[in-house]
>>> print(open('final-v7.cif').read())   # mmCIF, C-alpha atoms and all ligand atoms
data_structure
loop_
_atom_site.group_PDB
_atom_site.id
_atom_site.type_symbol
_atom_site.label_atom_id
_atom_site.label_comp_id
_atom_site.auth_asym_id
_atom_site.auth_seq_id
_atom_site.Cartn_x
_atom_site.Cartn_y
_atom_site.Cartn_z
ATOM 1 C CA MET L 1 0.000 0.000 0.000
ATOM 2 C CA THR L 2 1.039 3.567 -0.632
ATOM 3 C CA ILE L 3 1.104 7.038 0.917
ATOM 4 C CA TRP L 4 0.482 9.723 -1.720
ATOM 5 C CA THR L 5 2.234 12.887 -0.528
ATOM 6 C CA LEU L 6 1.607 16.267 -2.122
ATOM 7 C CA GLY L 7 4.359 18.461 -0.747
ATOM 8 C CA SER L 8 7.232 20.865 -1.110
ATOM 9 C CA VAL L 9 10.753 19.967 -2.134
ATOM 10 C CA ASN L 10 13.358 22.596 -1.203
ATOM 11 C CA ALA L 11 17.088 23.008 -1.437
ATOM 12 C CA ASP L 12 18.256 24.060 2.032
ATOM 13 C CA LEU L 13 21.209 26.389 1.389
ATOM 14 C CA VAL L 14 22.887 26.993 4.744
ATOM 15 C CA PHE L 15 25.450 29.815 5.017
ATOM 16 C CA ARG L 16 27.405 29.921 8.303
ATOM 17 C CA VAL L 17 28.143 33.570 9.168
ATOM 18 C CA PRO L 18 29.975 35.207 12.102
ATOM 19 C CA HIS L 19 26.866 37.353 12.684
ATOM 20 C CA LEU L 20 23.644 38.042 10.797
ATOM 21 C CA PRO L 21 24.479 40.822 8.303
ATOM 22 C CA ALA L 22 22.966 44.294 8.806
ATOM 23 C CA PRO L 23 21.099 45.987 5.911
ATOM 24 C CA GLY L 24 23.693 47.016 3.308
ATOM 25 C CA GLU L 25 26.465 44.915 4.865
ATOM 26 C CA THR L 26 28.482 42.465 2.736
ATOM 27 C CA LEU L 27 29.748 39.529 4.716
ATOM 28 C CA ALA L 28 31.855 36.451 3.909
ATOM 29 C CA ALA L 29 30.320 33.158 4.978
ATOM 30 C CA THR L 30 32.621 30.771 6.861
ATOM 31 C CA ASP L 31 30.943 27.590 5.656
ATOM 32 C CA PHE L 32 28.235 26.390 3.278
ATOM 33 C CA SER L 33 26.140 23.276 2.935
ATOM 34 C CA ARG L 34 23.340 22.205 0.622
ATOM 35 C CA GLY L 35 20.794 19.700 1.873
ATOM 36 C CA LEU L 36 17.435 18.297 0.861
ATOM 37 C CA GLY L 37 14.549 19.928 2.715
ATOM 38 C CA GLY L 38 11.018 21.197 2.351
ATOM 39 C CA LYS L 39 8.365 19.899 4.709
ATOM 40 C CA GLY L 40 6.804 17.746 2.004
ATOM 41 C CA ALA L 41 10.072 16.021 1.109
ATOM 42 C CA ASN L 42 10.879 15.543 4.798
ATOM 43 C CA MET L 43 7.528 13.848 5.439
ATOM 44 C CA SER L 44 7.932 11.580 2.411
ATOM 45 C CA VAL L 45 11.429 10.530 3.495
ATOM 46 C CA ALA L 46 10.211 9.947 7.071
ATOM 47 C CA ALA L 47 7.313 7.760 5.925
ATOM 48 C CA THR L 48 9.668 5.766 3.677
ATOM 49 C CA ARG L 49 12.126 5.293 6.547
ATOM 50 C CA ALA L 50 9.197 4.066 8.641
ATOM 51 C CA GLY L 51 8.745 1.316 6.053
ATOM 52 C CA SER L 52 5.900 2.629 3.889
ATOM 53 C CA ARG L 53 5.831 2.964 0.116
ATOM 54 C CA VAL L 54 5.553 6.659 -0.777
ATOM 55 C CA GLU L 55 4.671 8.413 -4.034
ATOM 56 C CA HIS L 56 5.733 12.050 -3.858
ATOM 57 C CA ILE L 57 3.635 14.466 -5.955
ATOM 58 C CA GLY L 58 5.283 17.815 -6.623
ATOM 59 C CA ALA L 59 7.637 19.724 -8.876
ATOM 60 C CA VAL L 60 11.258 20.803 -9.097
ATOM 61 C CA GLY L 61 12.938 23.230 -11.503
ATOM 62 C CA GLU L 62 15.864 22.719 -13.872
ATOM 63 C CA ASP L 63 18.206 23.190 -10.878
ATOM 64 C CA GLY L 64 16.448 20.443 -8.921
ATOM 65 C CA GLY L 65 17.563 17.203 -10.598
ATOM 66 C CA TRP L 66 19.807 16.399 -7.630
ATOM 67 C CA MET L 67 16.825 16.679 -5.247
ATOM 68 C CA LYS L 68 14.780 14.280 -7.347
ATOM 69 C CA ASP L 69 17.726 11.852 -7.412
ATOM 70 C CA ARG L 70 18.232 12.137 -3.674
ATOM 71 C CA LEU L 71 14.555 11.503 -2.907
ATOM 72 C CA ALA L 72 14.664 8.471 -5.194
ATOM 73 C CA GLY L 73 17.863 7.376 -3.464
ATOM 74 C CA TYR L 74 15.960 7.351 -0.162
ATOM 75 C CA GLY L 75 13.389 5.063 -1.732
ATOM 76 C CA VAL L 76 10.653 7.642 -2.379
ATOM 77 C CA SER L 77 8.912 7.118 -5.720
ATOM 78 C CA VAL L 78 9.368 10.270 -7.840
ATOM 79 C CA THR L 79 7.292 9.209 -10.864
ATOM 80 C CA HIS L 80 4.929 12.140 -10.151
ATOM 81 C CA LEU L 81 7.604 14.692 -9.244
ATOM 82 C CA ALA L 82 7.588 16.903 -12.337
ATOM 83 C CA GLU L 83 10.625 18.721 -13.706
ATOM 84 C CA MET L 84 9.901 22.145 -15.188
ATOM 85 C CA ARG L 85 11.539 25.437 -16.135
ATOM 86 C CA GLY L 86 12.300 28.025 -13.488
ATOM 87 C CA PRO L 87 13.847 27.760 -10.043
ATOM 88 C CA SER L 88 13.008 25.006 -7.553
ATOM 89 C CA GLY L 89 11.863 25.803 -4.067
ATOM 90 C CA GLN L 90 14.749 26.897 -1.897
ATOM 91 C CA ALA L 91 15.499 28.096 1.589
ATOM 92 C CA VAL L 92 18.435 30.468 2.041
ATOM 93 C CA ILE L 93 19.430 30.005 5.675
ATOM 94 C CA GLU L 94 21.879 32.318 7.441
ATOM 95 C CA LEU L 95 23.117 30.729 10.654
ATOM 96 C CA ASP L 96 25.390 32.535 13.112
ATOM 97 C CA ASP L 97 27.668 31.231 15.859
ATOM 98 C CA GLU L 98 24.978 31.751 18.511
ATOM 99 C CA GLY L 99 22.591 29.510 16.557
ATOM 100 C CA GLU L 100 20.481 32.542 15.589
ATOM 101 C CA ASN L 101 19.111 32.275 12.058
ATOM 102 C CA ARG L 102 17.333 34.139 9.313
ATOM 103 C CA ILE L 103 15.577 32.314 6.499
ATOM 104 C CA ILE L 104 14.284 33.329 3.070
ATOM 105 C CA ILE L 105 12.067 30.818 1.302
ATOM 106 C CA LEU L 106 11.503 30.915 -2.431
ATOM 107 C CA PRO L 107 8.416 28.748 -3.171
ATOM 108 C CA GLY L 108 9.532 28.328 -6.811
ATOM 109 C CA THR L 109 8.094 25.266 -8.531
ATOM 110 C CA ASN L 110 6.369 24.133 -5.305
ATOM 111 C CA ARG L 111 3.625 26.615 -6.179
ATOM 112 C CA ARG L 112 3.421 25.611 -9.850
ATOM 113 C CA ILE L 113 2.301 21.997 -9.501
ATOM 114 C CA ASP L 114 -0.151 20.809 -12.166
ATOM 115 C CA ILE L 115 -3.443 20.520 -10.259
ATOM 116 C CA MET L 116 -5.187 19.038 -13.306
ATOM 117 C CA GLY L 117 -3.094 15.905 -12.877
ATOM 118 C CA PHE L 118 -4.215 14.960 -9.332
ATOM 119 C CA ASP L 119 -7.255 12.967 -10.329
ATOM 120 C CA GLU L 120 -5.375 10.832 -12.833
ATOM 121 C CA ILE L 121 -2.478 10.253 -10.447
ATOM 122 C CA LEU L 122 -4.782 9.218 -7.599
ATOM 123 C CA SER L 123 -6.703 6.889 -9.916
ATOM 124 C CA GLU L 124 -3.738 4.534 -9.319
ATOM 125 C CA ALA L 125 -4.484 4.490 -5.554
ATOM 126 C CA GLU L 126 -5.752 1.340 -3.901
ATOM 127 C CA GLU L 127 -7.867 0.522 -0.870
ATOM 128 C CA GLY L 128 -5.834 1.114 2.280
ATOM 129 C CA ASP L 129 -3.672 3.869 0.786
ATOM 130 C CA TRP L 130 -3.399 7.267 2.504
ATOM 131 C CA ALA L 131 -3.100 10.810 1.158
ATOM 132 C CA LEU L 132 -0.861 13.311 2.968
ATOM 133 C CA PHE L 133 -0.223 16.993 2.278
ATOM 134 C CA GLN L 134 1.040 20.212 3.850
ATOM 135 C CA ASN L 135 0.897 23.959 3.272
ATOM 136 C CA GLU L 136 3.807 24.822 0.961
ATOM 137 C CA THR L 137 2.334 23.912 -2.419
ATOM 138 C CA ASN L 138 -0.513 25.126 -4.588
ATOM 139 C CA GLY L 139 -3.532 22.923 -5.236
ATOM 140 C CA LEU L 140 -4.414 22.007 -1.629
ATOM 141 C CA LEU L 141 -8.184 22.008 -2.052
ATOM 142 C CA ASP L 142 -7.977 20.257 -5.440
ATOM 143 C CA PHE L 143 -5.792 17.520 -3.940
ATOM 144 C CA ALA L 144 -8.075 17.094 -0.928
ATOM 145 C CA GLN L 145 -11.128 16.792 -3.157
ATOM 146 C CA ALA L 146 -9.408 14.324 -5.511
ATOM 147 C CA ALA L 147 -8.307 12.180 -2.545
ATOM 148 C CA LYS L 148 -11.783 12.176 -0.995
ATOM 149 C CA ALA L 149 -13.356 11.327 -4.359
ATOM 150 C CA ARG L 150 -11.130 8.213 -4.367
ATOM 151 C CA GLY L 151 -12.110 7.403 -0.777
ATOM 152 C CA LEU L 152 -8.578 7.842 0.613
ATOM 153 C CA PRO L 153 -8.082 8.790 4.258
ATOM 154 C CA LEU L 154 -6.597 12.269 4.216
ATOM 155 C CA ALA L 155 -3.944 13.652 6.575
ATOM 156 C CA HIS L 156 -2.831 17.286 6.613
ATOM 157 C CA ALA L 157 0.074 18.938 8.380
ATOM 158 C CA ALA L 158 -0.937 22.576 8.783
ATOM 159 C CA ALA L 159 2.634 23.749 8.380
ATOM 160 C CA PRO L 160 3.658 26.432 7.792
ATOM 161 C CA PHE L 161 0.399 27.854 9.138
ATOM 162 C CA ASP L 162 -1.959 29.713 6.834
ATOM 163 C CA ALA L 163 -5.520 30.164 8.102
ATOM 164 C CA GLU L 164 -6.914 30.887 4.640
ATOM 165 C CA ALA L 165 -5.414 27.665 3.280
ATOM 166 C CA VAL L 166 -6.478 25.418 6.167
ATOM 167 C CA ALA L 167 -10.054 26.599 6.862
ATOM 168 C CA PRO L 168 -11.641 25.260 3.621
ATOM 169 C CA LEU L 169 -9.847 21.911 4.048
ATOM 170 C CA LEU L 170 -11.121 21.098 7.532
ATOM 171 C CA GLU L 171 -14.358 19.408 6.434
ATOM 172 C CA LEU L 172 -12.397 17.017 4.195
ATOM 173 C CA LEU L 173 -9.676 15.882 6.623
ATOM 174 C CA ASP L 174 -9.475 12.651 8.620
ATOM 175 C CA LEU L 175 -6.314 13.658 10.469
ATOM 176 C CA LEU L 176 -4.876 17.105 11.202
ATOM 177 C CA VAL L 177 -1.373 17.424 12.687
ATOM 178 C CA MET L 178 -0.228 20.776 14.102
ATOM 179 C CA ASN L 179 2.337 22.068 16.545
ATOM 180 C CA GLN L 180 1.183 24.117 19.508
ATOM 181 C CA VAL L 181 1.687 27.482 17.808
ATOM 182 C CA GLU L 182 -0.257 26.370 14.728
ATOM 183 C CA ALA L 183 -3.088 25.048 16.933
ATOM 184 C CA GLU L 184 -3.329 28.430 18.668
ATOM 185 C CA GLN L 185 -3.258 30.256 15.316
ATOM 186 C CA LEU L 186 -6.041 28.025 13.994
ATOM 187 C CA GLN L 187 -8.142 28.676 17.091
ATOM 188 C CA THR L 188 -7.640 32.433 16.708
ATOM 189 C CA ALA L 189 -8.519 32.310 13.000
ATOM 190 C CA THR L 190 -11.583 30.039 13.224
ATOM 191 C CA GLY L 191 -12.760 30.582 16.810
ATOM 192 C CA LEU L 192 -12.752 26.779 17.187
ATOM 193 C CA ALA L 193 -10.868 24.986 19.964
ATOM 194 C CA PRO L 194 -9.080 21.801 18.767
ATOM 195 C CA GLU L 195 -11.807 19.588 20.268
ATOM 196 C CA ALA L 196 -14.464 21.494 18.275
ATOM 197 C CA LEU L 197 -12.787 21.061 14.861
ATOM 198 C CA PRO L 198 -14.762 18.987 12.325
ATOM 199 C CA VAL L 199 -11.860 16.518 11.916
ATOM 200 C CA ARG L 200 -11.963 12.924 13.219
ATOM 201 C CA ASP L 201 -8.471 12.945 14.713
ATOM 202 C CA VAL L 202 -6.452 16.012 15.699
ATOM 203 C CA VAL L 203 -2.875 15.572 16.896
ATOM 204 C CA ILE L 204 -1.019 18.510 18.454
ATOM 205 C CA THR L 205 2.741 18.202 18.944
ATOM 206 C CA LEU L 206 4.167 19.908 22.024
ATOM 207 C CA GLY L 207 7.939 19.795 21.420
ATOM 208 C CA ALA L 208 9.828 18.285 24.369
ATOM 209 C CA LYS L 209 6.495 17.912 26.194
ATOM 210 C CA GLY L 210 5.260 15.282 23.715
ATOM 211 C CA ALA L 211 1.913 15.223 21.940
ATOM 212 C CA ARG L 212 -1.833 15.384 22.445
ATOM 213 C CA TRP L 213 -4.455 13.394 20.521
ATOM 214 C CA ILE L 214 -8.053 14.522 20.331
ATOM 215 C CA GLY L 215 -10.168 11.758 18.809
ATOM 216 C CA ALA L 216 -13.585 10.186 19.080
ATOM 217 C CA ASP L 217 -12.644 8.577 22.409
ATOM 218 C CA GLY L 218 -11.552 11.868 23.988
ATOM 219 C CA ASP L 219 -8.343 13.650 24.755
ATOM 220 C CA ARG L 220 -5.073 11.805 25.441
ATOM 221 C CA SER L 221 -1.550 13.027 26.251
ATOM 222 C CA PHE L 222 1.712 11.287 25.301
ATOM 223 C CA GLU L 223 5.056 12.060 26.920
ATOM 224 C CA ALA L 224 8.069 12.502 24.636
ATOM 225 C CA PRO L 225 11.153 10.343 25.220
ATOM 226 C CA LYS L 226 13.850 12.310 27.112
ATOM 227 C CA VAL L 227 16.769 13.252 24.861
ATOM 228 C CA ARG L 228 19.370 16.018 24.573
ATOM 229 C CA PRO L 229 18.295 18.047 21.495
ATOM 230 C CA VAL L 230 20.897 19.607 19.182
ATOM 231 C CA ASP L 231 18.689 20.643 16.236
ATOM 232 C CA THR L 232 14.884 20.521 16.242
ATOM 233 C CA THR L 233 14.590 21.241 12.484
ATOM 234 C CA GLY L 234 12.391 18.606 10.869
ATOM 235 C CA ALA L 235 11.095 17.158 14.164
ATOM 236 C CA GLY L 236 7.478 17.863 13.264
ATOM 237 C CA ASP L 237 7.884 16.511 9.715
ATOM 238 C CA THR L 238 9.516 13.330 11.007
ATOM 239 C CA PHE L 239 6.676 12.944 13.498
ATOM 240 C CA THR L 240 3.993 13.372 10.811
ATOM 241 C CA GLY L 241 5.677 11.079 8.265
ATOM 242 C CA TYR L 242 6.076 8.328 10.844
ATOM 243 C CA LEU L 243 2.561 8.839 12.208
ATOM 244 C CA VAL L 244 0.874 8.435 8.826
ATOM 245 C CA ALA L 245 3.172 5.500 7.962
ATOM 246 C CA GLY L 246 2.172 3.799 11.219
ATOM 247 C CA LEU L 247 -1.523 4.282 10.460
ATOM 248 C CA GLU L 248 -1.096 3.130 6.856
ATOM 249 C CA GLN L 249 0.618 -0.009 8.187
ATOM 250 C CA GLY L 250 -2.365 -0.724 10.431
ATOM 251 C CA LEU L 251 -1.224 0.563 13.819
ATOM 252 C CA ALA L 252 -3.824 2.030 16.165
ATOM 253 C CA MET L 253 -3.530 5.810 16.651
ATOM 254 C CA ALA L 254 -1.899 5.560 20.105
ATOM 255 C CA GLU L 255 0.725 3.094 18.811
ATOM 256 C CA ALA L 256 1.396 5.256 15.743
ATOM 257 C CA ILE L 257 1.872 8.349 17.947
ATOM 258 C CA GLU L 258 4.327 6.473 20.154
ATOM 259 C CA LEU L 259 6.277 5.327 17.085
ATOM 260 C CA ALA L 260 6.273 8.899 15.708
ATOM 261 C CA GLN L 261 7.574 10.271 19.001
ATOM 262 C CA ARG L 262 10.440 7.769 19.106
ATOM 263 C CA ALA L 263 11.466 8.800 15.581
ATOM 264 C CA ALA L 264 11.155 12.554 16.286
ATOM 265 C CA ALA L 265 13.170 12.186 19.515
ATOM 266 C CA VAL L 266 16.074 10.640 17.573
ATOM 267 C CA MET L 267 15.707 13.328 14.879
ATOM 268 C CA VAL L 268 16.251 16.202 17.367
ATOM 269 C CA THR L 269 19.613 14.700 18.376
ATOM 270 C CA ARG L 270 20.892 15.151 14.778
ATOM 271 C CA MET L 271 21.894 18.203 12.703
ATOM 272 C CA GLY L 272 20.129 18.507 9.337
ATOM 273 C CA THR L 273 16.792 17.741 7.696
ATOM 274 C CA ALA L 274 15.681 15.063 5.226
ATOM 275 C CA ASP L 275 19.167 13.586 4.959
ATOM 276 C CA VAL L 276 19.312 12.554 8.641
ATOM 277 C CA ILE L 277 15.774 11.292 9.366
ATOM 278 C CA PRO L 278 16.241 8.034 11.308
ATOM 279 C CA LYS L 279 15.371 4.609 9.931
ATOM 280 C CA ARG L 280 12.931 2.481 11.885
ATOM 281 C CA ASP L 281 15.656 0.048 13.010
ATOM 282 C CA GLU L 282 17.594 2.983 14.516
ATOM 283 C CA LEU L 283 14.814 3.915 16.958
HETATM 284 P P1 LIG W 301 7.574 21.345 15.059
HETATM 285 O O1 LIG W 301 8.929 20.811 14.707
HETATM 286 O O2 LIG W 301 6.582 21.196 13.949
HETATM 287 O O3 LIG W 301 7.568 22.704 15.678
HETATM 288 P P2 LIG W 301 7.373 20.135 17.721
HETATM 289 O O4 LIG W 301 8.444 21.044 18.194
HETATM 290 O O5 LIG W 301 6.097 20.112 18.480
HETATM 291 O O6 LIG W 301 6.994 20.349 16.190
HETATM 292 O O7 LIG W 301 8.000 18.665 17.716
HETATM 293 C C1 LIG W 301 7.359 17.563 17.091
HETATM 294 C C2 LIG W 301 7.603 16.307 17.886
HETATM 295 O O8 LIG W 301 9.020 16.080 17.958
HETATM 296 C C3 LIG W 301 7.138 16.350 19.340
HETATM 297 O O9 LIG W 301 5.791 15.952 19.466
HETATM 298 C C4 LIG W 301 8.090 15.347 19.986
HETATM 299 O O10 LIG W 301 7.633 14.032 19.769
HETATM 300 C C5 LIG W 301 9.381 15.540 19.205
HETATM 301 N N1 LIG W 301 10.270 16.486 19.895
HETATM 302 C C6 LIG W 301 10.476 17.797 19.615
HETATM 303 N N2 LIG W 301 11.366 18.351 20.463
HETATM 304 C C7 LIG W 301 11.742 17.366 21.309
HETATM 305 C C8 LIG W 301 12.651 17.270 22.423
HETATM 306 N N3 LIG W 301 13.342 18.340 22.838
HETATM 307 N N4 LIG W 301 12.770 16.076 23.044
HETATM 308 C C9 LIG W 301 12.077 14.986 22.635
HETATM 309 N N5 LIG W 301 11.220 15.007 21.595
HETATM 310 C C10 LIG W 301 11.049 16.165 20.936
#
>>> encode(input="final-v7.cif", output="structure tokens", more="lines below")
Ligand code: ADP
Amino acid sequence: MTIWTLGSVNADLVFRVPHLPAPGETLAATDFSRGLGGKGANMSVAATRAGSRVEHIGAVGEDGGWMKDRLAGYGVSVTHLAEMRGPSGQAVIELDDEGENRIIILPGTNRRIDIMGFDEILSEAEEGDWALFQNETNGLLDFAQAAKARGLPLAHAAAPFDAEAVAPLLELLDLLVMNQVEAEQLQTATGLAPEALPVRDVVITLGAKGARWIGADGDRSFEAPKVRPVDTTGAGDTFTGYLVAGLEQGLAMAEAIELAQRAAAVMVTRMGTADVIPKRDEL
């Protein structure tokens, strides 16, 4: 069975700098690295590492062949990852010696995905498959409607938060995953507390404090494993990828949340994003 992910693929361009440059200042970086990122790509890699088969739906530009190859190298199917003209999504990350950062994101081809293709792509889906998406691409409502028309359970990570994007999706979702800040933003935007949302299962991640699940049987808290974090980038994406993979593989929600927390706890002990998401046998 398969998880069909609609999501962003970004080049994470990290420039180490002695301090964040002031307006007008020219500054030499002391180091540079280029990694695979984007919340969509991270979730697809996480779900693959959890043992699920994943089809990633998205787009990269003419500069993005290496990202497509790297996703494929991690075992993610890239049959529906289009290559087109123009720049890929990218994040320019300035990181200083105090760990302070400043980030510019260029959506690039992540916002130029062919929405007319969703229905045909999802016609390949089978009973038991899941659909998963997040907030960095175009076509969210079209994808949600195509997935529901095929009867697929639909999971959404409301990240990065955008009230206008999330509100029309709520009625279509089976699972909504948010961090605490996103949950508060959604409550402010809609006036609805998490337990009042029209979604069967809502999972709120609470960083080092763990996670909360609001489902048909009520409200349940899960403690996170105790670890020494060095870099929390990608923790939420690892959590969501593992969670949906667990559900797709037939785990009950509580078991899938515990699996997701074990994976996210290992992830925060590592520097980097998609390239360092732990495999299931490393948990
Ligand atoms: P996001 O990365 O989206 O902001 P969170 O910070 O809530 O999301 O983290 C997602 C999940 O990652 C948490 O529910 C938890 O399981 C795990 N996690 C995050 N930070 C820590 C930490 N310091 N120790 C252990 N687990 C963590």
>>> residues_near_ligand(input="final-v7.cif", ligand="ligand LIG 301 (chain W)", cutoff="7 Å", atoms="all atoms listed in the file", output="PyMOL selection string")
chain L and resi 178-180+205-211+224-229+232-237+239+260-262+264-265+268
>>> closest_residue(input="final-v7.cif", among="L:Val177, L:Ala144, L:Ala159, L:Ile57", to="Arg112 (chain L)", atoms="only C-alpha atoms")
L:Ile57
>>> residues_around(input="final-v7.cif", residues="Arg150 (chain L)", least_positions_apart="4", cutoff="9 Å", atoms="all atoms listed in the file", output="MDAnalysis selection string")
chainID L and resid 119 122:123 125:126 145:146
>>> write_last_selection(input="final-v7.cif", atoms="C-alpha atoms", output="PDB file, keeping the file's coordinate frame")
ATOM      1  CA  ASP L 119      -7.255  12.967 -10.329  1.00  0.00           C
ATOM      2  CA  LEU L 122      -4.782   9.218  -7.599  1.00  0.00           C
ATOM      3  CA  SER L 123      -6.703   6.889  -9.916  1.00  0.00           C
ATOM      4  CA  ALA L 125      -4.484   4.490  -5.554  1.00  0.00           C
ATOM      5  CA  GLU L 126      -5.752   1.340  -3.901  1.00  0.00           C
ATOM      6  CA  GLN L 145     -11.128  16.792  -3.157  1.00  0.00           C
ATOM      7  CA  ALA L 146      -9.408  14.324  -5.511  1.00  0.00           C
TER       8      ALA L 146
END
>>> resolve_selection(input="final-v7.cif", expression="the PyMOL selection byres (((chain L and resi 70) around 12) and not hetatm)", output="list in words")
Val9, Asn10, Ala11, Gly35, Leu36, Gly37, Ala41, Asn42, Ser44, Val45, Gly64, Gly65, Trp66, Met67, Lys68, Asp69, Leu71, Ala72, Gly73, Tyr74, Gly75, Val76, Ser77, Val78, Ala274 and Asp275 of chain L
>>> residues_around(input="final-v7.cif", residues="Leu173 (chain L)", least_positions_apart="2", cutoff="12 Å", atoms="only C-alpha atoms", output="VMD selection string")
chain L and resid 130 to 134 140 to 141 143 to 145 147 to 148 151 to 158 166 to 171 175 to 177 197 to 202
>>> build_atoms(input="final-v7.cif", residues="region 140-151 of chain L", atoms="N, CA and C atoms", output="mmCIF file, in the frame of the given file")
data_model
loop_
_atom_site.group_PDB
_atom_site.id
_atom_site.type_symbol
_atom_site.label_atom_id
_atom_site.label_comp_id
_atom_site.auth_asym_id
_atom_site.auth_seq_id
_atom_site.Cartn_x
_atom_site.Cartn_y
_atom_site.Cartn_z
ATOM 1 N N LEU L 140 -4.032 22.766 -2.832
ATOM 2 C CA LEU L 140 -4.414 22.007 -1.629
ATOM 3 C C LEU L 140 -5.856 21.504 -1.695
ATOM 4 N N LEU L 141 -6.772 22.408 -2.041
ATOM 5 C CA LEU L 141 -8.184 22.008 -2.052
ATOM 6 C C LEU L 141 -8.447 20.990 -3.174
ATOM 7 N N ASP L 142 -7.802 21.195 -4.315
ATOM 8 C CA ASP L 142 -7.977 20.257 -5.440
ATOM 9 C C ASP L 142 -7.490 18.866 -5.052
ATOM 10 N N PHE L 143 -6.352 18.815 -4.358
ATOM 11 C CA PHE L 143 -5.792 17.520 -3.940
ATOM 12 C C PHE L 143 -6.718 16.853 -2.921
ATOM 13 N N ALA L 144 -7.198 17.653 -1.965
ATOM 14 C CA ALA L 144 -8.075 17.094 -0.928
ATOM 15 C C ALA L 144 -9.344 16.529 -1.563
ATOM 16 N N GLN L 145 -9.897 17.265 -2.517
ATOM 17 C CA GLN L 145 -11.128 16.792 -3.157
ATOM 18 C C GLN L 145 -10.872 15.539 -3.993
ATOM 19 N N ALA L 146 -9.736 15.510 -4.697
ATOM 20 C CA ALA L 146 -9.408 14.324 -5.511
ATOM 21 C C ALA L 146 -9.203 13.108 -4.611
ATOM 22 N N ALA L 147 -8.548 13.304 -3.462
ATOM 23 C CA ALA L 147 -8.307 12.180 -2.545
ATOM 24 C C ALA L 147 -9.619 11.674 -1.958
ATOM 25 N N LYS L 148 -10.500 12.597 -1.579
ATOM 26 C CA LYS L 148 -11.783 12.176 -0.995
ATOM 27 C C LYS L 148 -12.639 11.471 -2.037
ATOM 28 N N ALA L 149 -12.581 11.967 -3.289
ATOM 29 C CA ALA L 149 -13.356 11.327 -4.359
ATOM 30 C C ALA L 149 -12.922 9.874 -4.550
ATOM 31 N N ARG L 150 -11.648 9.584 -4.257
ATOM 32 C CA ARG L 150 -11.130 8.213 -4.367
ATOM 33 C C ARG L 150 -11.296 7.445 -3.070
ATOM 34 N N GLY L 151 -11.867 8.088 -2.046
ATOM 35 C CA GLY L 151 -12.110 7.403 -0.777
ATOM 36 C C GLY L 151 -10.869 7.215 0.077
#
